[in-house]
Amino acid sequence: MITIKSRREFAKMARAGTAVAAVLEAIREAARPGVSLIALDEIGAKVIADHGCTASFLGYLGSYPATLCLSPNDVIVHGIPDSSKLRNGDILSVDAGAIYEGFHGDAALTIGVGETAPEAQHLIDTTREAMWAGIHQVRKANRLGDIGSAVHAIGEASGYGVVEEYVGHGIGRQMHEEPQVPNYGTPGKGLKLKTGMALCIEPMFNMGRRDTKVDPDGWTVRTDDGGLSAHWEHTVAITPDGPQIFTAGDKPVPVGFEEAQAHR
Ligand code: MF3
Ligand code: CO
């Protein structure tokens, strides 16, 4: 079901988004060579609690065992934090979700740890750029295909594999609501966007082929060819005052004005 949120509900989602933004900022600061993934997960749990929120992912589908998804190098998404330590030159995707009074916020970023190889940085920067291109298509009367085609064009132009098996999504009282938001599409096609909708825009780009595989743990999604992967995500709402990003900082950022913020 596609849910239409009221102003009051959006205010709760914005509070959840603020917590998520704070988590990502804290992890960005803490992610240094030698730090374990589990230590980063603990930081995430503390920041979420400090914001009066609970974690969206912990216990998801009855089994996700951590607060964050931490996905190094060839892990695309859904990496489970373990005792392994970050190393110089790693890239790390960090995905966080929080719930405030029953409403979710969800966002992700990819960072370089220590010194980052230029080609890894290009993958990170291009995936982020594609997320912003997708976000700029989120407005009343646009269609899902406008978002997906904008994202896909940017990945394709750099020769990256654009992941298709995992997609963005609606968000509200549930972390994953309809509609699915694929990172491909045809301009002018697909569901028409309306005020009251909130969408997570989340491109996943691979250095090599787009194909994916899942580890025996049932969660960890990797590139099939072992190449690097990057993932960026924001929660974007079409409010009565226009589209706003809920996960970019302390308060909602109107789409188109994010350059004025210290955004990611
Ligand atoms: N945040 C992810 C997404 O963007 C989902 C996390 S899966 C979980 O859709 F199992 F960790 F919850
Ligand atoms: Co998401």
# chains A, B, ... in the order shown; residues from 1 in each chain; ligands from 1

$ residues_near_ligand --ligand "ligand 1" --cutoff "9 Å" --atoms "only C-alpha atoms and all ligand atoms" --output "ChimeraX atom specification"
/A:56-61,63-69,77-80,95-97,106-108,166-169,175-176,200-202,219,233-234

$ residues_around --residues "A:Asp146" --least-positions-apart "2" --cutoff "12 Å" --atoms "only C-alpha atoms" --output "MDAnalysis selection string"
chainID A and resid 133:144 148:153 181:193

$ atom_distance --atom1 "atom CA of A:Ser93" --atom2 "atom CA of A:Ala198"
22.5 Å

$ select_by_dssp --residues "stretch 5-253 of chain A" --states "strand (DSSP E or B)" --output "compact mmCIF listing (two decimals) with all heavy atoms, in the first residue's frame"
# COMPACT_ATOMS: atom_id res chain seq x y z
N SER A 36 36.97 -1.35 14.66
CA SER A 36 36.15 -2.52 14.26
C SER A 36 34.75 -2.09 13.84
O SER A 36 34.22 -1.05 14.28
CB SER A 36 36.06 -3.52 15.41
OG SER A 36 35.20 -3.04 16.40
N THR A 54 14.42 4.56 18.20
CA THR A 54 14.87 3.17 18.20
C THR A 54 15.37 2.83 16.80
O THR A 54 15.06 3.52 15.83
CB THR A 54 13.74 2.21 18.63
OG1 THR A 54 12.61 2.44 17.77
CG2 THR A 54 13.33 2.44 20.07
N ALA A 55 16.16 1.75 16.73
CA ALA A 55 16.79 1.35 15.46
C ALA A 55 15.78 0.64 14.57
O ALA A 55 15.05 -0.25 15.03
CB ALA A 55 17.98 0.45 15.73
N CYS A 69 23.80 -1.33 8.94
CA CYS A 69 24.40 -2.18 7.90
C CYS A 69 25.73 -1.53 7.54
O CYS A 69 25.76 -0.33 7.18
CB CYS A 69 23.51 -2.25 6.67
SG CYS A 69 21.94 -3.11 6.94
N LEU A 70 26.82 -2.29 7.67
CA LEU A 70 28.16 -1.78 7.34
C LEU A 70 28.73 -2.67 6.25
O LEU A 70 28.95 -3.87 6.46
CB LEU A 70 29.04 -1.79 8.59
CG LEU A 70 28.57 -0.87 9.71
CD1 LEU A 70 29.45 -1.00 10.94
CD2 LEU A 70 28.55 0.59 9.24
N SER A 71 28.95 -2.08 5.08
CA SER A 71 29.23 -2.86 3.88
C SER A 71 30.55 -2.41 3.25
O SER A 71 30.59 -1.46 2.48
CB SER A 71 28.08 -2.68 2.89
OG SER A 71 26.84 -3.05 3.50
N PRO A 72 31.66 -3.10 3.61
CA PRO A 72 32.96 -2.71 3.09
C PRO A 72 33.22 -3.23 1.67
O PRO A 72 32.78 -4.34 1.32
CB PRO A 72 33.96 -3.35 4.06
CG PRO A 72 33.21 -4.37 4.84
CD PRO A 72 31.75 -4.19 4.59
N VAL A 75 31.13 -5.49 -0.66
CA VAL A 75 29.78 -5.66 -0.12
C VAL A 75 28.93 -4.49 -0.62
O VAL A 75 29.29 -3.32 -0.46
CB VAL A 75 29.76 -5.75 1.42
CG1 VAL A 75 28.34 -5.98 1.93
CG2 VAL A 75 30.68 -6.88 1.89
N ILE A 76 27.81 -4.83 -1.25
CA ILE A 76 26.94 -3.79 -1.84
C ILE A 76 26.06 -3.19 -0.74
O ILE A 76 26.05 -1.97 -0.53
CB ILE A 76 26.06 -4.40 -2.96
CG1 ILE A 76 26.96 -5.01 -4.04
CG2 ILE A 76 25.13 -3.35 -3.54
CD1 ILE A 76 26.20 -5.85 -5.07
N VAL A 77 25.30 -4.04 -0.06
CA VAL A 77 24.41 -3.62 1.04
C VAL A 77 24.26 -4.76 2.05
O VAL A 77 24.66 -5.90 1.78
CB VAL A 77 22.99 -3.23 0.55
CG1 VAL A 77 23.00 -1.90 -0.18
CG2 VAL A 77 22.37 -4.34 -0.30
N LYS A 85 38.34 -5.30 11.40
CA LYS A 85 38.76 -3.90 11.53
C LYS A 85 38.96 -3.25 10.18
O LYS A 85 39.41 -3.90 9.23
CB LYS A 85 40.06 -3.84 12.34
CG LYS A 85 39.84 -4.24 13.79
CD LYS A 85 41.12 -4.19 14.60
CE LYS A 85 40.78 -4.48 16.06
NZ LYS A 85 41.96 -4.86 16.82
N ILE A 91 36.85 1.08 1.32
CA ILE A 91 35.66 1.94 1.29
C ILE A 91 34.59 1.26 2.12
O ILE A 91 34.58 0.03 2.25
CB ILE A 91 35.19 2.30 -0.14
CG1 ILE A 91 34.60 1.10 -0.87
CG2 ILE A 91 36.31 2.93 -0.94
CD1 ILE A 91 33.87 1.48 -2.18
N LEU A 92 33.71 2.06 2.71
CA LEU A 92 32.70 1.51 3.62
C LEU A 92 31.36 2.19 3.38
O LEU A 92 31.25 3.41 3.50
CB LEU A 92 33.13 1.74 5.08
CG LEU A 92 32.14 1.22 6.14
CD1 LEU A 92 32.13 -0.31 6.16
CD2 LEU A 92 32.48 1.76 7.53
N SER A 93 30.35 1.38 3.06
CA SER A 93 28.99 1.91 2.99
C SER A 93 28.32 1.74 4.36
O SER A 93 28.42 0.68 4.97
CB SER A 93 28.18 1.19 1.93
OG SER A 93 28.77 1.39 0.66
N VAL A 94 27.71 2.83 4.81
CA VAL A 94 27.08 2.88 6.13
C VAL A 94 25.60 3.18 5.93
O VAL A 94 25.26 4.21 5.35
CB VAL A 94 27.71 3.99 6.99
CG1 VAL A 94 27.10 4.02 8.38
CG2 VAL A 94 29.23 3.85 7.06
N ASP A 95 24.73 2.29 6.38
CA ASP A 95 23.29 2.46 6.21
C ASP A 95 22.65 2.46 7.60
O ASP A 95 22.97 1.58 8.42
CB ASP A 95 22.76 1.29 5.36
CG ASP A 95 21.34 1.52 4.82
OD1 ASP A 95 20.63 2.38 5.35
OD2 ASP A 95 20.97 0.79 3.89
N ALA A 96 21.81 3.46 7.87
CA ALA A 96 21.21 3.59 9.19
C ALA A 96 19.71 3.88 9.07
O ALA A 96 19.29 4.60 8.16
CB ALA A 96 21.88 4.72 9.97
N GLY A 97 18.93 3.32 10.00
CA GLY A 97 17.51 3.61 10.05
C GLY A 97 17.08 3.84 11.49
O GLY A 97 17.58 3.16 12.40
N ALA A 98 16.16 4.80 11.69
CA ALA A 98 15.68 5.10 13.04
C ALA A 98 14.17 5.30 13.00
O ALA A 98 13.60 5.66 11.96
CB ALA A 98 16.36 6.36 13.58
N ILE A 99 13.55 5.05 14.17
CA ILE A 99 12.10 5.20 14.32
C ILE A 99 11.83 6.23 15.41
O ILE A 99 12.37 6.11 16.52
CB ILE A 99 11.44 3.86 14.74
CG1 ILE A 99 11.88 2.73 13.81
CG2 ILE A 99 9.91 4.00 14.77
CD1 ILE A 99 11.48 1.34 14.32
N TYR A 100 11.00 7.25 15.10
CA TYR A 100 10.55 8.20 16.10
C TYR A 100 9.03 8.17 16.15
O TYR A 100 8.37 8.41 15.14
CB TYR A 100 11.05 9.61 15.77
CG TYR A 100 10.67 10.63 16.81
CD1 TYR A 100 11.41 10.76 17.98
CD2 TYR A 100 9.55 11.44 16.64
CE1 TYR A 100 11.05 11.67 18.96
CE2 TYR A 100 9.17 12.35 17.62
CZ TYR A 100 9.93 12.45 18.78
OH TYR A 100 9.57 13.35 19.75
N PHE A 103 7.49 6.29 13.27
CA PHE A 103 7.81 6.66 11.88
C PHE A 103 9.31 6.58 11.60
O PHE A 103 10.12 6.96 12.44
CB PHE A 103 7.29 8.06 11.57
CG PHE A 103 5.79 8.05 11.41
CD1 PHE A 103 4.96 8.20 12.53
CD2 PHE A 103 5.22 7.85 10.17
CE1 PHE A 103 3.58 8.16 12.39
CE2 PHE A 103 3.84 7.81 10.03
CZ PHE A 103 3.02 7.96 11.14
N HIS A 104 9.64 6.09 10.39
CA HIS A 104 11.02 5.76 10.05
C HIS A 104 11.72 6.86 9.25
O HIS A 104 11.12 7.59 8.47
CB HIS A 104 11.05 4.50 9.18
CG HIS A 104 10.67 3.25 9.89
ND1 HIS A 104 11.59 2.31 10.29
CD2 HIS A 104 9.47 2.78 10.28
CE1 HIS A 104 10.97 1.30 10.89
NE2 HIS A 104 9.68 1.57 10.90
N GLY A 105 13.05 6.87 9.42
CA GLY A 105 13.98 7.58 8.53
C GLY A 105 15.05 6.58 8.14
O GLY A 105 15.38 5.69 8.93
N ASP A 106 15.63 6.73 6.94
CA ASP A 106 16.56 5.73 6.41
C ASP A 106 17.53 6.45 5.47
O ASP A 106 17.08 7.16 4.56
CB ASP A 106 15.71 4.67 5.66
CG ASP A 106 16.49 3.52 5.07
OD1 ASP A 106 17.68 3.35 5.38
OD2 ASP A 106 15.87 2.77 4.28
N ALA A 107 18.83 6.27 5.69
CA ALA A 107 19.81 6.91 4.79
C ALA A 107 21.12 6.15 4.84
O ALA A 107 21.39 5.39 5.77
CB ALA A 107 20.03 8.38 5.17
N ALA A 108 21.93 6.38 3.81
CA ALA A 108 23.22 5.70 3.71
C ALA A 108 24.23 6.60 3.01
O ALA A 108 23.86 7.54 2.30
CB ALA A 108 23.07 4.40 2.93
N LEU A 109 25.50 6.30 3.25
CA LEU A 109 26.58 6.97 2.51
C LEU A 109 27.74 6.00 2.37
O LEU A 109 27.79 4.96 3.04
CB LEU A 109 27.00 8.26 3.20
CG LEU A 109 27.35 8.26 4.68
CD1 LEU A 109 28.64 7.52 4.99
CD2 LEU A 109 27.46 9.68 5.19
N THR A 110 28.67 6.33 1.50
CA THR A 110 29.89 5.54 1.36
C THR A 110 31.08 6.47 1.56
O THR A 110 31.10 7.58 1.02
CB THR A 110 29.96 4.87 -0.02
OG1 THR A 110 28.81 4.04 -0.18
CG2 THR A 110 31.21 4.01 -0.15
N ILE A 111 32.02 6.00 2.39
CA ILE A 111 33.20 6.81 2.71
C ILE A 111 34.46 6.01 2.42
O ILE A 111 34.46 4.78 2.40
CB ILE A 111 33.20 7.24 4.20
CG1 ILE A 111 32.97 6.02 5.10
CG2 ILE A 111 32.15 8.30 4.44
CD1 ILE A 111 32.98 6.36 6.57
N GLY A 112 35.55 6.75 2.20
CA GLY A 112 36.86 6.14 2.10
C GLY A 112 37.51 6.14 3.48
O GLY A 112 37.33 7.08 4.24
N ARG A 143 7.06 11.12 -12.25
CA ARG A 143 6.79 9.68 -12.18
C ARG A 143 8.03 8.92 -11.75
O ARG A 143 9.16 9.42 -11.87
CB ARG A 143 6.27 9.18 -13.53
CG ARG A 143 4.88 9.71 -13.85
CD ARG A 143 4.40 9.28 -15.21
NE ARG A 143 3.11 9.86 -15.53
CZ ARG A 143 1.95 9.26 -15.24
NH1 ARG A 143 1.91 8.09 -14.63
NH2 ARG A 143 0.80 9.85 -15.56
N GLY A 161 28.31 -0.74 -13.08
CA GLY A 161 27.19 -1.66 -13.03
C GLY A 161 26.15 -1.09 -12.07
O GLY A 161 26.44 -0.85 -10.90
N VAL A 162 24.96 -0.84 -12.59
CA VAL A 162 23.87 -0.30 -11.75
C VAL A 162 23.05 -1.48 -11.22
O VAL A 162 22.42 -2.20 -12.00
CB VAL A 162 22.98 0.67 -12.56
CG1 VAL A 162 21.86 1.21 -11.69
CG2 VAL A 162 23.82 1.81 -13.14
N GLY A 168 15.20 1.32 -4.19
CA GLY A 168 14.66 2.25 -3.21
C GLY A 168 13.20 1.89 -2.92
O GLY A 168 12.66 0.93 -3.48
N HIS A 169 12.55 2.69 -2.06
CA HIS A 169 11.25 2.27 -1.53
C HIS A 169 10.50 3.44 -0.90
O HIS A 169 11.11 4.42 -0.49
CB HIS A 169 11.46 1.18 -0.47
CG HIS A 169 12.49 1.54 0.57
ND1 HIS A 169 12.18 2.12 1.76
CD2 HIS A 169 13.84 1.45 0.55
CE1 HIS A 169 13.29 2.34 2.45
NE2 HIS A 169 14.32 1.95 1.75
N GLY A 170 9.18 3.25 -0.80
CA GLY A 170 8.39 4.14 0.03
C GLY A 170 8.74 3.91 1.50
O GLY A 170 9.29 2.87 1.86
N GLU A 177 7.91 0.44 2.35
CA GLU A 177 6.53 0.51 1.88
C GLU A 177 6.56 0.56 0.35
O GLU A 177 7.60 0.79 -0.26
CB GLU A 177 5.85 1.79 2.42
CG GLU A 177 5.76 1.82 3.94
CD GLU A 177 4.93 2.99 4.47
OE1 GLU A 177 4.54 3.87 3.68
OE2 GLU A 177 4.68 3.01 5.69
N GLU A 178 5.39 0.35 -0.25
CA GLU A 178 5.27 0.60 -1.68
C GLU A 178 5.36 2.10 -1.90
O GLU A 178 4.99 2.87 -1.02
CB GLU A 178 3.93 0.06 -2.19
CG GLU A 178 3.91 -1.46 -2.26
CD GLU A 178 2.55 -1.97 -2.72
OE1 GLU A 178 1.86 -1.26 -3.46
OE2 GLU A 178 2.19 -3.07 -2.28
N PRO A 179 5.81 2.53 -3.06
CA PRO A 179 6.24 1.73 -4.20
C PRO A 179 7.71 1.34 -4.09
O PRO A 179 8.45 1.96 -3.32
CB PRO A 179 6.07 2.70 -5.37
CG PRO A 179 6.41 4.04 -4.77
CD PRO A 179 5.89 3.98 -3.35
N GLN A 180 8.12 0.33 -4.85
CA GLN A 180 9.53 0.12 -5.07
C GLN A 180 10.05 1.23 -5.99
O GLN A 180 9.33 1.69 -6.87
CB GLN A 180 9.77 -1.24 -5.74
CG GLN A 180 9.38 -2.40 -4.83
CD GLN A 180 9.98 -3.72 -5.29
OE1 GLN A 180 10.50 -3.84 -6.39
NE2 GLN A 180 9.89 -4.72 -4.44
N VAL A 181 11.29 1.64 -5.77
CA VAL A 181 11.88 2.72 -6.55
C VAL A 181 13.15 2.20 -7.23
O VAL A 181 14.25 2.30 -6.68
CB VAL A 181 12.20 3.95 -5.66
CG1 VAL A 181 12.73 5.11 -6.52
CG2 VAL A 181 10.97 4.39 -4.87
N LYS A 192 2.62 7.98 -10.67
CA LYS A 192 2.70 9.44 -10.54
C LYS A 192 2.86 9.82 -9.07
O LYS A 192 2.14 9.29 -8.21
CB LYS A 192 1.44 10.07 -11.14
CG LYS A 192 1.57 11.56 -11.37
CD LYS A 192 0.27 12.17 -11.80
CE LYS A 192 0.19 12.28 -13.30
NZ LYS A 192 -0.88 13.23 -13.71
N ALA A 198 6.52 9.64 0.68
CA ALA A 198 7.94 9.74 1.05
C ALA A 198 8.66 8.55 0.43
O ALA A 198 8.16 7.43 0.46
CB ALA A 198 8.10 9.74 2.56
N LEU A 199 9.82 8.84 -0.16
CA LEU A 199 10.58 7.82 -0.89
C LEU A 199 12.03 7.81 -0.43
O LEU A 199 12.61 8.87 -0.16
CB LEU A 199 10.57 8.12 -2.40
CG LEU A 199 9.21 8.18 -3.10
CD1 LEU A 199 9.42 8.59 -4.56
CD2 LEU A 199 8.49 6.84 -3.02
N CYS A 200 12.62 6.61 -0.39
CA CYS A 200 14.05 6.49 -0.20
C CYS A 200 14.69 6.29 -1.56
O CYS A 200 14.34 5.36 -2.29
CB CYS A 200 14.37 5.32 0.72
SG CYS A 200 13.88 5.69 2.42
N ILE A 201 15.59 7.21 -1.89
CA ILE A 201 16.31 7.18 -3.17
C ILE A 201 17.68 6.61 -2.88
O ILE A 201 18.44 7.20 -2.10
CB ILE A 201 16.43 8.60 -3.76
CG1 ILE A 201 15.06 9.28 -3.84
CG2 ILE A 201 17.14 8.57 -5.11
CD1 ILE A 201 14.04 8.54 -4.65
N MET A 204 22.89 2.01 -5.97
CA MET A 204 24.02 1.14 -5.65
C MET A 204 24.76 0.90 -6.95
O MET A 204 24.20 0.33 -7.89
CB MET A 204 23.51 -0.21 -5.09
CG MET A 204 22.87 -0.10 -3.72
SD MET A 204 21.47 -1.26 -3.51
CE MET A 204 20.11 -0.24 -4.09
N PHE A 205 26.01 1.39 -7.04
CA PHE A 205 26.80 1.25 -8.27
C PHE A 205 28.01 0.36 -8.00
O PHE A 205 28.68 0.50 -6.97
CB PHE A 205 27.32 2.62 -8.74
CG PHE A 205 26.28 3.52 -9.35
CD1 PHE A 205 26.65 4.79 -9.80
CD2 PHE A 205 24.94 3.15 -9.50
CE1 PHE A 205 25.73 5.66 -10.36
CE2 PHE A 205 24.01 4.01 -10.06
CZ PHE A 205 24.41 5.27 -10.49
N ASN A 206 28.29 -0.53 -8.96
CA ASN A 206 29.45 -1.41 -8.88
C ASN A 206 30.52 -0.95 -9.86
O ASN A 206 30.20 -0.53 -10.98
CB ASN A 206 29.06 -2.86 -9.23
CG ASN A 206 28.02 -3.43 -8.29
OD1 ASN A 206 27.77 -2.88 -7.22
ND2 ASN A 206 27.42 -4.54 -8.68
N THR A 212 24.91 -9.54 -8.56
CA THR A 212 25.04 -9.63 -7.10
C THR A 212 24.99 -11.08 -6.65
O THR A 212 24.51 -11.95 -7.38
CB THR A 212 23.87 -8.89 -6.42
OG1 THR A 212 22.65 -9.59 -6.71
CG2 THR A 212 23.74 -7.46 -6.90
N LYS A 213 25.48 -11.34 -5.43
CA LYS A 213 25.32 -12.65 -4.80
C LYS A 213 25.17 -12.42 -3.30
O LYS A 213 25.61 -11.38 -2.78
CB LYS A 213 26.51 -13.56 -5.11
CG LYS A 213 27.84 -13.03 -4.59
CD LYS A 213 29.00 -13.93 -5.01
CE LYS A 213 30.32 -13.32 -4.50
NZ LYS A 213 31.51 -13.88 -5.14
N VAL A 214 24.55 -13.39 -2.62
CA VAL A 214 24.30 -13.25 -1.18
C VAL A 214 25.12 -14.31 -0.44
O VAL A 214 25.14 -15.48 -0.84
CB VAL A 214 22.80 -13.42 -0.87
CG1 VAL A 214 22.53 -13.26 0.63
CG2 VAL A 214 21.97 -12.41 -1.66
N VAL A 221 25.16 -8.85 0.87
CA VAL A 221 25.04 -8.83 -0.60
C VAL A 221 26.36 -8.31 -1.17
O VAL A 221 26.80 -7.22 -0.82
CB VAL A 221 23.88 -7.92 -1.05
CG1 VAL A 221 23.77 -7.92 -2.57
CG2 VAL A 221 22.56 -8.35 -0.41
N ARG A 222 26.98 -9.11 -2.04
CA ARG A 222 28.27 -8.74 -2.63
C ARG A 222 28.18 -8.62 -4.14
O ARG A 222 27.30 -9.20 -4.78
CB ARG A 222 29.32 -9.84 -2.36
CG ARG A 222 29.69 -9.97 -0.92
CD ARG A 222 30.77 -11.05 -0.75
NE ARG A 222 30.87 -11.39 0.66
CZ ARG A 222 31.67 -10.76 1.53
NH1 ARG A 222 32.49 -9.82 1.11
NH2 ARG A 222 31.67 -11.10 2.79
N THR A 223 29.18 -7.94 -4.69
CA THR A 223 29.32 -7.96 -6.15
C THR A 223 29.74 -9.36 -6.55
O THR A 223 30.59 -9.98 -5.90
CB THR A 223 30.36 -6.94 -6.63
OG1 THR A 223 31.63 -7.22 -6.01
CG2 THR A 223 29.94 -5.52 -6.27
N SER A 229 31.83 -1.62 -4.54
CA SER A 229 30.47 -1.11 -4.71
C SER A 229 30.23 0.06 -3.76
O SER A 229 30.75 0.09 -2.64
CB SER A 229 29.47 -2.22 -4.42
OG SER A 229 28.15 -1.78 -4.70
N ALA A 230 29.43 1.04 -4.21
CA ALA A 230 29.07 2.19 -3.37
C ALA A 230 27.54 2.33 -3.30
O ALA A 230 26.83 1.90 -4.22
CB ALA A 230 29.68 3.47 -3.94
N HIS A 231 27.06 2.94 -2.22
CA HIS A 231 25.62 3.07 -1.95
C HIS A 231 25.37 4.39 -1.22
O HIS A 231 26.03 4.67 -0.22
CB HIS A 231 25.21 1.89 -1.05
CG HIS A 231 23.78 1.92 -0.56
ND1 HIS A 231 23.41 1.43 0.67
CD2 HIS A 231 22.63 2.35 -1.15
CE1 HIS A 231 22.11 1.54 0.83
NE2 HIS A 231 21.61 2.10 -0.25
N GLU A 233 21.99 7.01 0.07
CA GLU A 233 20.53 7.02 0.25
C GLU A 233 20.09 8.22 1.09
O GLU A 233 20.75 8.58 2.06
CB GLU A 233 20.10 5.74 0.99
CG GLU A 233 18.61 5.68 1.33
CD GLU A 233 18.22 4.38 2.02
OE1 GLU A 233 19.11 3.67 2.54
OE2 GLU A 233 17.01 4.07 2.06
N HIS A 234 18.97 8.82 0.70
CA HIS A 234 18.27 9.79 1.54
C HIS A 234 16.78 9.46 1.55
O HIS A 234 16.25 8.89 0.58
CB HIS A 234 18.41 11.23 1.03
CG HIS A 234 19.61 11.96 1.56
ND1 HIS A 234 19.88 12.07 2.91
CD2 HIS A 234 20.61 12.62 0.92
CE1 HIS A 234 20.99 12.79 3.08
NE2 HIS A 234 21.46 13.13 1.89
N THR A 235 16.11 9.87 2.64
CA THR A 235 14.65 9.85 2.72
C THR A 235 14.13 11.21 2.26
O THR A 235 14.50 12.24 2.84
CB THR A 235 14.20 9.57 4.17
OG1 THR A 235 14.67 8.28 4.57
CG2 THR A 235 12.69 9.63 4.29
N VAL A 236 13.29 11.20 1.22
CA VAL A 236 12.78 12.44 0.63
C VAL A 236 11.25 12.42 0.70
O VAL A 236 10.62 11.45 0.29
CB VAL A 236 13.22 12.55 -0.85
CG1 VAL A 236 12.82 13.90 -1.43
CG2 VAL A 236 14.73 12.35 -0.99
N ALA A 237 10.67 13.50 1.20
CA ALA A 237 9.22 13.59 1.36
C ALA A 237 8.65 14.68 0.46
O ALA A 237 9.25 15.75 0.32
CB ALA A 237 8.88 13.91 2.81
N ILE A 238 7.49 14.40 -0.14
CA ILE A 238 6.78 15.45 -0.88
C ILE A 238 5.77 16.06 0.08
O ILE A 238 4.68 15.54 0.28
CB ILE A 238 6.11 14.89 -2.15
CG1 ILE A 238 7.12 14.10 -3.00
CG2 ILE A 238 5.48 16.04 -2.96
CD1 ILE A 238 6.52 13.48 -4.25
N THR A 239 6.20 17.15 0.73
CA THR A 239 5.37 17.78 1.75
C THR A 239 4.46 18.82 1.09
O THR A 239 4.67 19.19 -0.06
CB THR A 239 6.24 18.49 2.81
OG1 THR A 239 6.69 19.74 2.28
CG2 THR A 239 7.43 17.64 3.23
N GLY A 242 6.38 21.37 -0.49
CA GLY A 242 7.32 20.96 -1.52
C GLY A 242 8.21 19.82 -1.04
O GLY A 242 8.14 19.41 0.12
N PRO A 243 9.05 19.29 -1.93
CA PRO A 243 9.90 18.16 -1.57
C PRO A 243 10.99 18.57 -0.56
O PRO A 243 11.60 19.63 -0.71
CB PRO A 243 10.55 17.75 -2.90
CG PRO A 243 9.85 18.50 -3.96
CD PRO A 243 9.19 19.69 -3.33
N GLN A 244 11.18 17.71 0.42
CA GLN A 244 12.19 17.98 1.46
C GLN A 244 12.97 16.70 1.74
O GLN A 244 12.40 15.61 1.75
CB GLN A 244 11.51 18.45 2.76
CG GLN A 244 10.78 19.77 2.59
CD GLN A 244 10.17 20.28 3.89
OE1 GLN A 244 10.20 19.60 4.91
NE2 GLN A 244 9.61 21.47 3.84
N ILE A 245 14.26 16.88 2.03
CA ILE A 245 15.12 15.77 2.43
C ILE A 245 15.11 15.72 3.96
O ILE A 245 15.42 16.72 4.61
CB ILE A 245 16.54 15.97 1.90
CG1 ILE A 245 16.51 16.15 0.38
CG2 ILE A 245 17.44 14.79 2.28
CD1 ILE A 245 17.59 17.06 -0.13
N VAL A 253 15.57 19.66 4.70
CA VAL A 253 16.21 20.54 3.73
C VAL A 253 15.37 20.52 2.46
O VAL A 253 15.18 19.46 1.86
CB VAL A 253 17.64 20.05 3.42
CG1 VAL A 253 18.26 20.88 2.30
CG2 VAL A 253 18.51 20.08 4.67

$ closest_residue --among "A:Val20, A:Pro33, A:Asn73, A:Thr116" --to "ligand 2" --atoms "only C-alpha atoms and all ligand atoms"
A:Val20

$ atom_distance --atom1 "atom CA of A:Glu156" --atom2 "atom CA of A:Phe257"
26.6 Å

$ closest_residue --among "A:Ser83, A:Asn88, A:Thr247, A:Thr220" --to "ligand 2" --atoms "only C-alpha atoms and all ligand atoms"
A:Thr247

$ closest_residue --among "A:Pro203, A:Gly114, A:Gly145, A:Pro81" --to "ligand 2" --atoms "only C-alpha atoms and all ligand atoms"
A:Pro203

$ select_by_dssp --residues "stretch 61-148 of chain A" --states "alpha helix (DSSP H)" --output "PyMOL selection string"
chain A and resi 118-135+144-148

$ atom_distance --atom1 "atom CA of A:Glu115" --atom2 "atom CA of A:Asp90"
8.3 Å
